[in-house]
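Student: Here it is, the structure, as structure tokens.
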Amino acid sequence: MNGDSRVGVLFTTVTPPEPRTDSTHVTRARLHRVDARDARQFSAWYDVLHASEIDRDRESRRVWHPDEWRARAIDERAATYQQLYSWGDSVERPVAIGSLEITRDDNHDSTTATLLVAPAHRRRGHGTSMVHALEKRARGLARPVISFTVTESSHEMGHGASRVVAPRWGYTLDEENVRRDIDWPRPAGELDDLASRWRPSATAYEIRSWRGPTPDTLAEDRAHLGSIMPDEAPHGAFGTRLERWDVARLREYERTVDEMGRDLLTTVAVHRPTGQLVGFSDLTVSRVYPDVAYQWDTLVTAPHRGHRLGGLMKIATMRLLERERLATTLITTFNLATNQPMITLNDALGARVTGCSISWARTLA
Ligand SMILES: CC(C)(COP(=O)(O)OP(=O)(O)OC[C@H]1O[C@@H](n2cnc3c(N)ncnc32)[C@H](O)[C@@H]1OP(=O)(O)O)[C@@H](O)C(=O)NCCC(=O)NCCS
């Protein structure tokens, strides 16, 4: 299913949308739950997101496509879904927007949130009021910890507004992930050289790649890696616990990625002597904006580290990108600032720092 068919708005330029309201006339602002199926409510919510992302990036970087949010905000029975909120006099005239991520079967300890005040309406108290309202919702959901994720682009890295405001709201910096971009394609011969250096360490492993759903024979093993990913990957003090993944959840994840309008490119490492899946790496490419591909999770299980599997899997995915002739020119990846093995690996693949994503967390009374 291509996201194009269901999208009302396609942004080919980076002109921020006109604000729909003037904050001098915001008189009775309150929190509204946004119905992602309602085109007017959703596009008013999305306009604020879009204006904030353009204000932040100040460059013609691709921002989220509407379907990428809508697909995650519609199915309340999904293992994880996004509740969308707006702040303003009415749901169709927001001055700030946000979200709470709800997990159904696991991690009832915390909720991950976003909060963005429309650039034209900042420093008028809306952020403070909305954060309190979102905390109240999180308390209502009986989640003791709330954490806000914020992206900073290269020009504001280390000094975005949240660095001043979030500590005043009682939040502590929990995680700092650095964003790196890899220009694609790579210079001729570079990947071959790296692969021939790394392959001798990994003779006991088979590397397999595909585009789309996981083959049935590997689905159970791949679901298991999804369960242990939050625990095996480095994370902050408030980081997530084990997740409950089975084949049904894996299929739901694959369906959601498709509904977001993205193609999923997966590479796995199979340990030949045991036939066990010991690593995976997911890359997603938007069908609407294929120029920027996003590196999602990469995991090699602890007993199989040190065999260059992370690098070999990433190279295999890049080869797949080439074979599938996707029009990608940049691969973006986020790594915990302290995850040195992954940073070294990305640097070898030509990555350069272009921003960061930070999480602010607090325990709710
Ligand atoms: C951070 C953000 C939500 C703040 O929203 P806001 O509506 O401007 O915040 P408020 O008007 O409620 O300001 C709260 C306090 O922070 C101060 N403040 C806000 N932005 C500031 C900035 N850029 N630099 C210094 N102080 C700032 C205000 O002066 C105010 O202090 P006061 O109570 O002493 O007057 C907004 O800048 C934003 O959307 N940024 C991008 C996304 C983001 O960082 N989200 C934060 C998630 S934790």
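All residue names refer to the structure tokens as shown: chains lettered A, B, ... in order, residues numbered from 1 in each chain, ligands numbered from 1 in order.
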Counting only C-alpha atoms and all ligand atoms, which protein, DNA or RNA residues come within 6 Å of ligand 1, given as a ChimeraX atom specification?

Tutor: /A:115-117,122-128,148,150,161-162,164-166

Student: Can you tell me, as a compact mmCIF listing (two decimals) with all heavy atoms, in the first residue's frame, what residues are no more than 10 Å from stretch 206-222 of chain A when counting only C-alpha atoms, ignoring any on the same chain fewer than 3 positions away?

Tutor:
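Dumped to selection_8.txt:
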```txt
# COMPACT_ATOMS: atom_id res chain seq x y z
N ALA A 202 33.96 -13.44 10.21
CA ALA A 202 32.57 -13.87 10.30
C ALA A 202 32.29 -15.12 9.46
O ALA A 202 31.18 -15.31 8.97
CB ALA A 202 31.66 -12.71 9.84
N THR A 203 33.30 -16.00 9.35
CA THR A 203 33.12 -17.17 8.47
C THR A 203 32.06 -18.14 8.99
O THR A 203 31.52 -18.93 8.24
CB THR A 203 34.46 -17.92 8.30
OG1 THR A 203 35.01 -18.09 9.62
CG2 THR A 203 35.44 -17.15 7.44
N LEU A 225 14.40 -11.69 18.73
CA LEU A 225 15.39 -10.60 18.78
C LEU A 225 14.70 -9.28 19.10
O LEU A 225 15.26 -8.42 19.80
CB LEU A 225 16.17 -10.50 17.47
CG LEU A 225 17.07 -11.70 17.12
CD1 LEU A 225 17.87 -11.42 15.84
CD2 LEU A 225 18.04 -12.04 18.26
N GLY A 226 13.46 -9.11 18.63
CA GLY A 226 12.69 -7.91 18.97
C GLY A 226 12.45 -7.81 20.47
O GLY A 226 12.51 -6.73 21.06
N SER A 227 12.20 -8.96 21.12
CA SER A 227 11.94 -8.98 22.57
C SER A 227 13.15 -8.53 23.38
O SER A 227 13.02 -7.83 24.36
CB SER A 227 11.63 -10.39 23.07
OG SER A 227 10.58 -10.93 22.39
N TRP A 245 7.43 -9.88 22.19
CA TRP A 245 7.28 -10.02 20.75
C TRP A 245 6.98 -11.47 20.40
O TRP A 245 7.61 -12.38 20.95
CB TRP A 245 8.57 -9.61 20.03
CG TRP A 245 8.74 -8.13 19.90
CD1 TRP A 245 9.00 -7.25 20.90
CD2 TRP A 245 8.65 -7.36 18.70
NE1 TRP A 245 9.09 -5.97 20.40
CE2 TRP A 245 8.87 -6.01 19.04
CE3 TRP A 245 8.40 -7.67 17.35
CZ2 TRP A 245 8.86 -4.98 18.10
CZ3 TRP A 245 8.40 -6.65 16.42
CH2 TRP A 245 8.62 -5.32 16.80
N ASP A 246 6.02 -11.66 19.51
CA ASP A 246 5.81 -12.97 18.90
C ASP A 246 5.64 -12.72 17.41
O ASP A 246 5.76 -11.58 16.95
CB ASP A 246 4.61 -13.68 19.53
CG ASP A 246 3.35 -12.82 19.49
OD1 ASP A 246 3.36 -11.81 18.74
OD2 ASP A 246 2.38 -13.13 20.19
N VAL A 247 5.34 -13.78 16.65
CA VAL A 247 5.26 -13.61 15.19
C VAL A 247 4.13 -12.63 14.85
O VAL A 247 4.26 -11.80 13.94
CB VAL A 247 5.09 -14.98 14.50
CG1 VAL A 247 4.84 -14.80 13.01
CG2 VAL A 247 6.35 -15.82 14.72
N ALA A 248 3.02 -12.68 15.61
CA ALA A 248 1.89 -11.77 15.32
C ALA A 248 2.35 -10.31 15.47
O ALA A 248 2.01 -9.45 14.65
CB ALA A 248 0.73 -12.07 16.25
N LEU A 250 5.44 -9.19 15.18
CA LEU A 250 6.36 -8.89 14.08
C LEU A 250 5.57 -8.52 12.83
O LEU A 250 5.88 -7.54 12.14
CB LEU A 250 7.25 -10.12 13.81
CG LEU A 250 8.16 -10.00 12.59
CD1 LEU A 250 9.27 -8.97 12.83
CD2 LEU A 250 8.79 -11.36 12.25
N ARG A 251 4.51 -9.31 12.55
CA ARG A 251 3.70 -9.04 11.35
C ARG A 251 2.99 -7.69 11.47
O ARG A 251 2.85 -6.96 10.49
CB ARG A 251 2.68 -10.16 11.10
CG ARG A 251 3.31 -11.52 10.81
CD ARG A 251 4.22 -11.48 9.61
NE ARG A 251 4.79 -12.78 9.28
CZ ARG A 251 5.98 -12.94 8.72
NH1 ARG A 251 6.73 -11.89 8.42
NH2 ARG A 251 6.43 -14.14 8.43
N TYR A 253 4.12 -5.08 13.15
CA TYR A 253 5.18 -4.09 12.93
C TYR A 253 5.42 -3.91 11.43
O TYR A 253 5.47 -2.79 10.91
CB TYR A 253 6.44 -4.58 13.66
CG TYR A 253 7.76 -3.98 13.23
CD1 TYR A 253 8.11 -2.68 13.59
CD2 TYR A 253 8.68 -4.73 12.49
CE1 TYR A 253 9.34 -2.14 13.22
CE2 TYR A 253 9.90 -4.20 12.12
CZ TYR A 253 10.24 -2.90 12.48
OH TYR A 253 11.45 -2.38 12.11
N GLU A 254 5.53 -5.03 10.69
CA GLU A 254 5.78 -4.94 9.26
C GLU A 254 4.63 -4.24 8.53
O GLU A 254 4.85 -3.44 7.62
CB GLU A 254 6.01 -6.35 8.69
CG GLU A 254 7.29 -6.99 9.21
CD GLU A 254 7.44 -8.48 8.90
OE1 GLU A 254 6.42 -9.13 8.53
OE2 GLU A 254 8.54 -9.00 9.04
N ARG A 255 3.39 -4.54 8.99
CA ARG A 255 2.21 -3.90 8.39
C ARG A 255 2.22 -2.40 8.66
O ARG A 255 1.93 -1.59 7.79
CB ARG A 255 0.95 -4.53 9.01
CG ARG A 255 -0.11 -4.83 7.99
CD ARG A 255 -1.27 -5.66 8.49
NE ARG A 255 -1.49 -5.72 9.92
CZ ARG A 255 -1.29 -6.80 10.66
NH1 ARG A 255 -0.83 -7.91 10.11
NH2 ARG A 255 -1.54 -6.79 11.96
N VAL A 257 4.80 -0.43 9.25
CA VAL A 257 5.85 0.22 8.43
C VAL A 257 5.31 0.44 7.01
O VAL A 257 5.45 1.52 6.42
CB VAL A 257 7.15 -0.63 8.41
CG1 VAL A 257 8.18 0.00 7.48
CG2 VAL A 257 7.72 -0.76 9.82
N ASP A 258 4.61 -0.57 6.49
CA ASP A 258 4.04 -0.46 5.14
C ASP A 258 2.99 0.65 5.09
O ASP A 258 2.96 1.45 4.16
CB ASP A 258 3.43 -1.82 4.76
CG ASP A 258 2.94 -1.81 3.33
OD1 ASP A 258 3.72 -1.43 2.45
OD2 ASP A 258 1.76 -2.15 3.10
N ARG A 262 6.46 3.19 4.01
CA ARG A 262 7.90 2.92 3.98
C ARG A 262 8.16 1.47 3.56
O ARG A 262 7.39 0.57 3.88
CB ARG A 262 8.52 3.15 5.37
CG ARG A 262 8.36 4.56 5.89
CD ARG A 262 9.18 4.79 7.15
NE ARG A 262 10.57 5.05 6.86
CZ ARG A 262 11.06 6.26 6.55
NH1 ARG A 262 10.27 7.31 6.50
NH2 ARG A 262 12.34 6.41 6.28
N ASP A 263 9.28 1.27 2.85
CA ASP A 263 9.76 -0.07 2.53
C ASP A 263 10.75 -0.48 3.60
O ASP A 263 11.59 0.33 4.01
CB ASP A 263 10.47 -0.08 1.18
CG ASP A 263 9.46 -0.14 0.04
OD1 ASP A 263 8.38 -0.73 0.23
OD2 ASP A 263 9.76 0.43 -1.02
N LEU A 264 10.62 -1.74 4.03
CA LEU A 264 11.49 -2.26 5.09
C LEU A 264 12.55 -3.15 4.44
O LEU A 264 12.22 -4.12 3.76
CB LEU A 264 10.63 -3.06 6.07
CG LEU A 264 11.30 -3.71 7.27
CD1 LEU A 264 12.00 -2.66 8.14
CD2 LEU A 264 10.25 -4.45 8.11
N LEU A 265 13.82 -2.81 4.65
CA LEU A 265 14.94 -3.62 4.15
C LEU A 265 15.63 -4.23 5.36
O LEU A 265 16.11 -3.49 6.24
CB LEU A 265 15.93 -2.73 3.38
CG LEU A 265 15.66 -2.45 1.89
CD1 LEU A 265 14.31 -1.82 1.67
CD2 LEU A 265 16.74 -1.57 1.30
N THR A 266 15.64 -5.55 5.41
CA THR A 266 16.19 -6.23 6.59
C THR A 266 17.37 -7.11 6.20
O THR A 266 17.34 -7.76 5.15
CB THR A 266 15.10 -7.11 7.24
OG1 THR A 266 14.01 -6.28 7.61
CG2 THR A 266 15.62 -7.84 8.48
N THR A 267 18.38 -7.12 7.05
CA THR A 267 19.48 -8.08 6.91
C THR A 267 19.62 -8.82 8.24
O THR A 267 19.45 -8.21 9.30
CB THR A 267 20.81 -7.37 6.58
OG1 THR A 267 20.65 -6.71 5.32
CG2 THR A 267 21.97 -8.35 6.49
N VAL A 268 19.87 -10.12 8.16
CA VAL A 268 20.08 -10.88 9.40
C VAL A 268 21.39 -11.65 9.31
O VAL A 268 21.93 -11.86 8.22
CB VAL A 268 18.93 -11.89 9.66
CG1 VAL A 268 17.62 -11.18 9.90
CG2 VAL A 268 18.82 -12.92 8.55
N ALA A 269 21.89 -12.05 10.48
CA ALA A 269 23.06 -12.92 10.55
C ALA A 269 22.61 -14.25 11.15
O ALA A 269 21.98 -14.27 12.21
CB ALA A 269 24.15 -12.28 11.41
N VAL A 270 22.90 -15.35 10.44
CA VAL A 270 22.54 -16.69 10.93
C VAL A 270 23.84 -17.41 11.30
O VAL A 270 24.78 -17.43 10.51
CB VAL A 270 21.79 -17.50 9.84
CG1 VAL A 270 21.41 -18.88 10.35
CG2 VAL A 270 20.56 -16.75 9.36
N HIS A 271 23.86 -17.96 12.52
CA HIS A 271 25.03 -18.71 12.99
C HIS A 271 24.95 -20.11 12.37
O HIS A 271 24.06 -20.89 12.71
CB HIS A 271 24.98 -18.78 14.53
CG HIS A 271 26.16 -19.44 15.13
ND1 HIS A 271 26.06 -20.43 16.08
CD2 HIS A 271 27.50 -19.28 14.90
CE1 HIS A 271 27.27 -20.83 16.43
NE2 HIS A 271 28.15 -20.14 15.73
N ARG A 272 25.86 -20.41 11.43
CA ARG A 272 25.74 -21.66 10.66
C ARG A 272 25.70 -22.92 11.54
O ARG A 272 24.82 -23.77 11.35
CB ARG A 272 26.89 -21.80 9.66
CG ARG A 272 26.78 -20.86 8.47
CD ARG A 272 27.91 -21.22 7.48
NE ARG A 272 28.53 -20.05 6.92
CZ ARG A 272 28.13 -19.45 5.81
NH1 ARG A 272 27.09 -19.93 5.16
NH2 ARG A 272 28.74 -18.39 5.36
N GLY A 275 22.24 -22.75 13.29
CA GLY A 275 21.10 -22.30 12.48
C GLY A 275 20.33 -21.17 13.15
O GLY A 275 19.25 -20.78 12.70
N GLN A 276 20.89 -20.62 14.22
CA GLN A 276 20.20 -19.59 15.01
C GLN A 276 20.39 -18.19 14.42
O GLN A 276 21.47 -17.88 13.92
CB GLN A 276 20.83 -19.60 16.39
CG GLN A 276 19.87 -19.44 17.51
CD GLN A 276 20.66 -19.31 18.82
OE1 GLN A 276 21.88 -19.45 18.87
NE2 GLN A 276 19.92 -19.05 19.87
N LEU A 277 19.33 -17.39 14.50
CA LEU A 277 19.42 -15.98 14.08
C LEU A 277 20.07 -15.22 15.23
O LEU A 277 19.55 -15.21 16.34
CB LEU A 277 18.00 -15.47 13.86
CG LEU A 277 17.80 -14.35 12.87
CD1 LEU A 277 18.06 -14.87 11.46
CD2 LEU A 277 16.38 -13.82 12.94
N VAL A 278 21.20 -14.56 14.97
CA VAL A 278 21.92 -13.92 16.08
C VAL A 278 22.05 -12.41 15.90
O VAL A 278 22.65 -11.73 16.73
CB VAL A 278 23.32 -14.55 16.28
CG1 VAL A 278 23.20 -16.02 16.62
CG2 VAL A 278 24.19 -14.35 15.04
N GLY A 279 21.50 -11.88 14.81
CA GLY A 279 21.56 -10.43 14.62
C GLY A 279 20.61 -10.00 13.52
O GLY A 279 20.22 -10.81 12.66
N PHE A 280 20.20 -8.74 13.58
CA PHE A 280 19.38 -8.18 12.49
C PHE A 280 19.67 -6.68 12.39
O PHE A 280 20.17 -6.07 13.33
CB PHE A 280 17.88 -8.43 12.72
CG PHE A 280 17.26 -7.52 13.75
CD1 PHE A 280 16.55 -6.38 13.37
CD2 PHE A 280 17.37 -7.80 15.10
CE1 PHE A 280 15.99 -5.53 14.31
CE2 PHE A 280 16.81 -6.95 16.05
CZ PHE A 280 16.11 -5.82 15.66
N SER A 281 19.32 -6.13 11.24
CA SER A 281 19.47 -4.69 11.02
C SER A 281 18.35 -4.26 10.07
O SER A 281 18.18 -4.84 9.01
CB SER A 281 20.85 -4.43 10.41
OG SER A 281 21.02 -3.04 10.21
N ASP A 282 17.57 -3.26 10.49
CA ASP A 282 16.43 -2.78 9.68
C ASP A 282 16.72 -1.39 9.14
O ASP A 282 17.12 -0.49 9.89
CB ASP A 282 15.16 -2.67 10.55
CG ASP A 282 14.48 -4.01 10.78
OD1 ASP A 282 14.90 -5.00 10.17
OD2 ASP A 282 13.51 -4.05 11.57
N LEU A 283 16.48 -1.22 7.86
CA LEU A 283 16.58 0.11 7.23
C LEU A 283 15.22 0.37 6.58
O LEU A 283 14.65 -0.55 5.97
CB LEU A 283 17.67 0.08 6.16
CG LEU A 283 17.96 1.39 5.45
CD1 LEU A 283 18.96 2.22 6.28
CD2 LEU A 283 18.56 1.17 4.07
N THR A 284 14.69 1.58 6.72
CA THR A 284 13.40 1.85 6.06
C THR A 284 13.55 3.03 5.11
O THR A 284 14.30 3.97 5.37
CB THR A 284 12.27 2.14 7.06
OG1 THR A 284 12.53 3.39 7.70
CG2 THR A 284 12.12 1.06 8.10
N LEU A 309 29.77 -8.48 12.63
CA LEU A 309 28.46 -8.76 12.03
C LEU A 309 27.65 -7.49 11.81
O LEU A 309 26.93 -7.37 10.81
CB LEU A 309 27.68 -9.75 12.92
CG LEU A 309 28.29 -11.15 13.00
CD1 LEU A 309 27.49 -12.03 13.98
CD2 LEU A 309 28.32 -11.80 11.62
N LEU A 312 28.93 -5.93 8.62
CA LEU A 312 28.62 -6.75 7.44
C LEU A 312 27.12 -6.70 7.13
O LEU A 312 26.72 -6.68 5.97
CB LEU A 312 29.10 -8.19 7.67
CG LEU A 312 30.63 -8.33 7.64
CD1 LEU A 312 31.07 -9.69 8.21
CD2 LEU A 312 31.17 -8.16 6.22
N MET A 313 26.29 -6.65 8.19
CA MET A 313 24.84 -6.56 7.94
C MET A 313 24.50 -5.22 7.29
O MET A 313 23.69 -5.15 6.37
CB MET A 313 24.05 -6.75 9.25
CG MET A 313 24.09 -8.18 9.76
SD MET A 313 22.86 -8.50 11.04
CE MET A 313 23.37 -7.41 12.35
N LYS A 314 25.13 -4.15 7.79
CA LYS A 314 24.83 -2.83 7.21
C LYS A 314 25.27 -2.76 5.74
O LYS A 314 24.57 -2.20 4.90
CB LYS A 314 25.48 -1.72 8.03
CG LYS A 314 24.76 -1.49 9.35
CD LYS A 314 25.15 -0.19 9.98
CE LYS A 314 24.25 0.08 11.19
NZ LYS A 314 24.47 1.40 11.74
N ALA A 316 25.43 -5.28 3.71
CA ALA A 316 24.49 -6.11 2.93
C ALA A 316 23.21 -5.32 2.65
O ALA A 316 22.64 -5.40 1.56
CB ALA A 316 24.18 -7.39 3.70
N THR A 317 22.75 -4.52 3.63
CA THR A 317 21.54 -3.73 3.42
C THR A 317 21.80 -2.65 2.36
O THR A 317 20.94 -2.37 1.52
CB THR A 317 21.07 -3.09 4.73
OG1 THR A 317 21.08 -4.07 5.74
CG2 THR A 317 19.67 -2.53 4.60
N MET A 318 22.99 -2.06 2.40
CA MET A 318 23.33 -1.05 1.38
C MET A 318 23.35 -1.67 -0.01
O MET A 318 22.91 -1.07 -0.99
CB MET A 318 24.69 -0.42 1.71
CG MET A 318 24.65 0.51 2.91
SD MET A 318 26.34 0.98 3.36
CE MET A 318 26.05 2.36 4.43
N ARG A 319 23.84 -2.89 -0.09
CA ARG A 319 23.85 -3.60 -1.38
C ARG A 319 22.42 -3.83 -1.88
O ARG A 319 22.13 -3.74 -3.06
CB ARG A 319 24.55 -4.96 -1.25
CG ARG A 319 26.02 -4.85 -0.94
CD ARG A 319 26.77 -4.41 -2.17
NE ARG A 319 28.19 -4.41 -1.98
CZ ARG A 319 29.00 -3.43 -2.37
NH1 ARG A 319 28.50 -2.36 -2.97
NH2 ARG A 319 30.28 -3.52 -2.19
N LEU A 320 21.54 -4.12 -0.92
CA LEU A 320 20.13 -4.35 -1.28
C LEU A 320 19.51 -3.04 -1.79
O LEU A 320 18.77 -3.03 -2.77
CB LEU A 320 19.37 -4.87 -0.04
CG LEU A 320 17.90 -5.21 -0.20
CD1 LEU A 320 17.69 -6.31 -1.25
CD2 LEU A 320 17.31 -5.68 1.14
N LEU A 321 19.85 -1.96 -1.13
CA LEU A 321 19.39 -0.62 -1.54
C LEU A 321 19.79 -0.38 -3.00
O LEU A 321 19.01 0.13 -3.81
CB LEU A 321 20.09 0.39 -0.63
CG LEU A 321 19.56 1.78 -0.39
CD1 LEU A 321 18.14 1.72 0.13
CD2 LEU A 321 20.44 2.50 0.66
N GLU A 324 17.82 -2.84 -5.40
CA GLU A 324 16.41 -2.47 -5.53
C GLU A 324 16.26 -1.12 -6.22
O GLU A 324 15.15 -0.63 -6.42
CB GLU A 324 15.73 -2.43 -4.16
CG GLU A 324 15.71 -3.77 -3.43
CD GLU A 324 14.72 -4.76 -4.05
OE1 GLU A 324 13.63 -4.33 -4.46
OE2 GLU A 324 15.07 -5.96 -4.13
```

Student: Once DSSP has gone over the backbone, tell me which residues of stretch 21-255 of chain A are in strand (DSSP E), as a PyMOL selection string.

Tutor: chain A and resi 30-34+80-88+94-103+110-117+145-153+172-183+205-211

Student: What is the distance between atom CA of A:His235 and atom CA of A:Met342, in Å to one decimal?

Tutor: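 Distance reported for this atom pair: 13.3 Å.
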
Student: Could you pull the residues within 12 Å of stretch 347-350 of chain A, counting only C-alpha atoms, minus those fewer than 5 positions along the same chain, as a ChimeraX atom specification?

Tutor: /A:179-187,190-195,197-198,308,310-315,318,330-333,335,340-342

Student: Would you output that residue set with C-alpha atoms, as a short mmCIF file (atom, residue, chain, number, x, y, z; two decimals), in the first residue's frame?

Tutor:
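Saved the output as again08.cif:
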```cif
data_model
loop_
_atom_site.label_atom_id
_atom_site.label_comp_id
_atom_site.auth_asym_id
_atom_site.auth_seq_id
_atom_site.Cartn_x
_atom_site.Cartn_y
_atom_site.Cartn_z
CA ARG A 179 22.32 11.74 14.50
CA ARG A 180 24.73 10.83 11.72
CA ASP A 181 24.23 10.90 7.96
CA ILE A 182 25.97 8.66 5.43
CA ASP A 183 26.03 10.00 1.87
CA TRP A 184 24.75 7.41 -0.56
CA PRO A 185 25.99 5.86 -2.81
CA ARG A 186 29.46 5.42 -1.35
CA PRO A 187 32.60 6.05 -3.43
CA GLU A 190 34.76 1.52 -0.50
CA LEU A 191 32.20 -1.08 0.59
CA ASP A 192 34.10 -3.91 -1.14
CA ASP A 193 37.28 -2.94 0.73
CA LEU A 194 35.46 -2.85 4.08
CA ALA A 195 33.66 -6.14 3.41
CA ARG A 197 38.52 -6.65 5.71
CA TRP A 198 35.57 -7.70 7.88
CA ARG A 308 32.04 -7.61 12.53
CA GLY A 310 27.02 -5.26 12.59
CA GLY A 311 29.15 -3.80 9.78
CA LEU A 312 28.62 -6.75 7.44
CA MET A 313 24.84 -6.56 7.94
CA LYS A 314 24.83 -2.83 7.21
CA ILE A 315 26.89 -3.36 4.05
CA MET A 318 23.33 -1.05 1.38
CA LEU A 330 21.40 9.85 2.42
CA ILE A 331 21.20 7.23 5.18
CA THR A 332 20.38 8.65 8.61
CA THR A 333 21.15 6.84 11.84
CA ASN A 335 23.19 6.14 18.15
CA GLN A 340 31.26 3.52 20.90
CA PRO A 341 31.23 0.19 18.97
CA MET A 342 28.30 1.37 16.81
#
```

Student: Residues at most 7 Å from stretch 45-52 of chain A, counting only C-alpha atoms, excluding those fewer than 3 positions away in the same chain, as JSON, numbers by chain?

Tutor: {"A": [16, 17, 41, 42, 55, 56, 66, 86, 94, 96, 97, 116, 118, 119]}

Student: Would you write out those residues with all heavy atoms, as a tab-separated table (two decimals), in the first residue's frame?

Tutor:
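In the end it all went to selection31.tsv:
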```
chain	number	residue	atom	x	y	z
A	16	PRO	N	7.13	26.69	5.68
A	16	PRO	CA	6.26	26.34	6.80
A	16	PRO	C	4.83	26.78	6.54
A	16	PRO	O	4.61	27.84	5.95
A	16	PRO	CB	6.85	27.11	7.98
A	16	PRO	CG	7.86	28.02	7.43
A	16	PRO	CD	8.11	27.70	6.00
A	17	PRO	N	3.84	25.98	6.96
A	17	PRO	CA	2.47	26.40	6.78
A	17	PRO	C	2.17	27.64	7.61
A	17	PRO	O	2.79	27.86	8.64
A	17	PRO	CB	1.66	25.20	7.27
A	17	PRO	CG	2.60	24.35	8.02
A	17	PRO	CD	4.00	24.71	7.62
A	41	GLN	N	-8.82	17.68	11.92
A	41	GLN	CA	-8.08	17.64	13.20
A	41	GLN	C	-6.63	17.23	12.95
A	41	GLN	O	-5.70	17.83	13.48
A	41	GLN	CB	-8.72	16.64	14.16
A	41	GLN	CG	-10.05	17.06	14.71
A	41	GLN	CD	-10.55	16.09	15.78
A	41	GLN	OE1	-9.78	15.34	16.37
A	41	GLN	NE2	-11.85	16.12	16.04
A	42	PHE	N	-6.47	16.18	12.13
A	42	PHE	CA	-5.12	15.65	11.92
A	42	PHE	C	-4.25	16.66	11.16
A	42	PHE	O	-3.10	16.88	11.50
A	42	PHE	CB	-5.15	14.31	11.18
A	42	PHE	CG	-3.77	13.75	10.96
A	42	PHE	CD1	-3.08	13.14	12.01
A	42	PHE	CD2	-3.13	13.88	9.74
A	42	PHE	CE1	-1.79	12.67	11.84
A	42	PHE	CE2	-1.84	13.41	9.55
A	42	PHE	CZ	-1.17	12.79	10.60
A	55	ASP	N	11.40	24.90	11.18
A	55	ASP	CA	12.08	25.91	12.00
A	55	ASP	C	13.35	25.32	12.61
A	55	ASP	O	14.39	25.97	12.68
A	55	ASP	CB	11.10	26.35	13.10
A	55	ASP	CG	11.73	27.35	14.05
A	55	ASP	OD1	11.87	28.51	13.64
A	55	ASP	OD2	12.08	26.97	15.19
A	56	ARG	N	13.27	24.07	13.04
A	56	ARG	CA	14.42	23.42	13.67
A	56	ARG	C	15.52	23.13	12.66
A	56	ARG	O	16.70	23.38	12.91
A	56	ARG	CB	13.93	22.08	14.28
A	56	ARG	CG	15.01	21.25	14.91
A	56	ARG	CD	14.48	19.87	15.21
A	56	ARG	NE	14.29	19.11	13.99
A	56	ARG	CZ	13.41	18.12	13.85
A	56	ARG	NH1	12.61	17.78	14.82
A	56	ARG	NH2	13.31	17.48	12.70
A	66	PRO	N	2.91	12.95	6.58
A	66	PRO	CA	1.72	12.76	7.43
A	66	PRO	C	1.38	11.29	7.69
A	66	PRO	O	1.04	10.92	8.82
A	66	PRO	CB	0.59	13.43	6.63
A	66	PRO	CG	1.25	14.33	5.66
A	66	PRO	CD	2.68	13.90	5.48
A	86	SER	N	-3.49	18.09	21.00
A	86	SER	CA	-3.18	19.47	20.63
A	86	SER	C	-3.56	20.39	21.77
A	86	SER	O	-4.35	20.03	22.66
A	86	SER	CB	-3.88	19.86	19.33
A	86	SER	OG	-5.27	19.85	19.52
A	94	PRO	N	-4.69	24.56	16.83
A	94	PRO	CA	-3.70	24.39	17.91
A	94	PRO	C	-2.55	25.38	17.85
A	94	PRO	O	-2.16	25.82	16.76
A	94	PRO	CB	-3.19	22.97	17.67
A	94	PRO	CG	-3.39	22.71	16.23
A	94	PRO	CD	-4.57	23.54	15.79
A	96	ALA	N	0.09	24.40	19.96
A	96	ALA	CA	1.14	23.43	20.33
A	96	ALA	C	0.56	22.04	20.10
A	96	ALA	O	-0.67	21.86	20.17
A	96	ALA	CB	1.53	23.61	21.79
A	97	ILE	N	1.44	21.09	19.84
A	97	ILE	CA	0.97	19.71	19.64
A	97	ILE	C	1.89	18.74	20.39
A	97	ILE	O	3.02	19.10	20.77
A	97	ILE	CB	0.92	19.31	18.15
A	97	ILE	CG1	2.30	19.48	17.49
A	97	ILE	CG2	-0.13	20.10	17.40
A	97	ILE	CD1	2.94	18.24	17.03
A	116	LEU	N	5.68	20.01	20.96
A	116	LEU	CA	6.24	21.05	20.08
A	116	LEU	C	5.29	22.23	20.09
A	116	LEU	O	4.10	22.09	19.79
A	116	LEU	CB	6.35	20.52	18.65
A	116	LEU	CG	7.36	19.38	18.45
A	116	LEU	CD1	6.90	18.44	17.36
A	116	LEU	CD2	8.73	19.94	18.11
A	118	ALA	N	4.21	25.70	18.34
A	118	ALA	CA	4.39	26.34	17.02
A	118	ALA	C	5.38	27.49	17.18
A	118	ALA	O	5.27	28.27	18.14
A	118	ALA	CB	3.05	26.84	16.50
A	119	PRO	N	6.37	27.61	16.27
A	119	PRO	CA	7.42	28.61	16.46
A	119	PRO	C	6.89	30.01	16.75
A	119	PRO	O	7.44	30.73	17.58
A	119	PRO	CB	8.19	28.56	15.13
A	119	PRO	CG	7.98	27.16	14.65
A	119	PRO	CD	6.61	26.75	15.09
```

Student: Could the residues of stretch 260-333 of chain A that have an atom at most 8 Å from stretch 229-232 of chain A be listed as a tab-separated table, each with its closest atom pair and the distance in Å to one decimal, counting only C-alpha atoms and ordered by chain and ascending residue number?

Tutor:
```
residue	atom	partner	partner_atom	distance
A:Leu299	CA	A:Met229	CA	6.8
A:Thr301	CA	A:Glu232	CA	7.1
A:Ala302	CA	A:Glu232	CA	7.4
```

Student: When distances are computed from only C-alpha atoms, which of A:Val34, A:Val95, A:Ala44, A:Met130 shows the smallest separation from A:Ile74?

Tutor: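 Between A:Val34, A:Val95, A:Ala44, A:Met130, the residue approaching A:Ile74 most closely is A:Val34.
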
Student: Enter the distance from atom CA of A:Ala223 to atom CA of A:Leu242, in Å, rounded to one decimal.

Tutor: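 Separation between atom CA of A:Ala223 and atom CA of A:Leu242: 12.1 Å.
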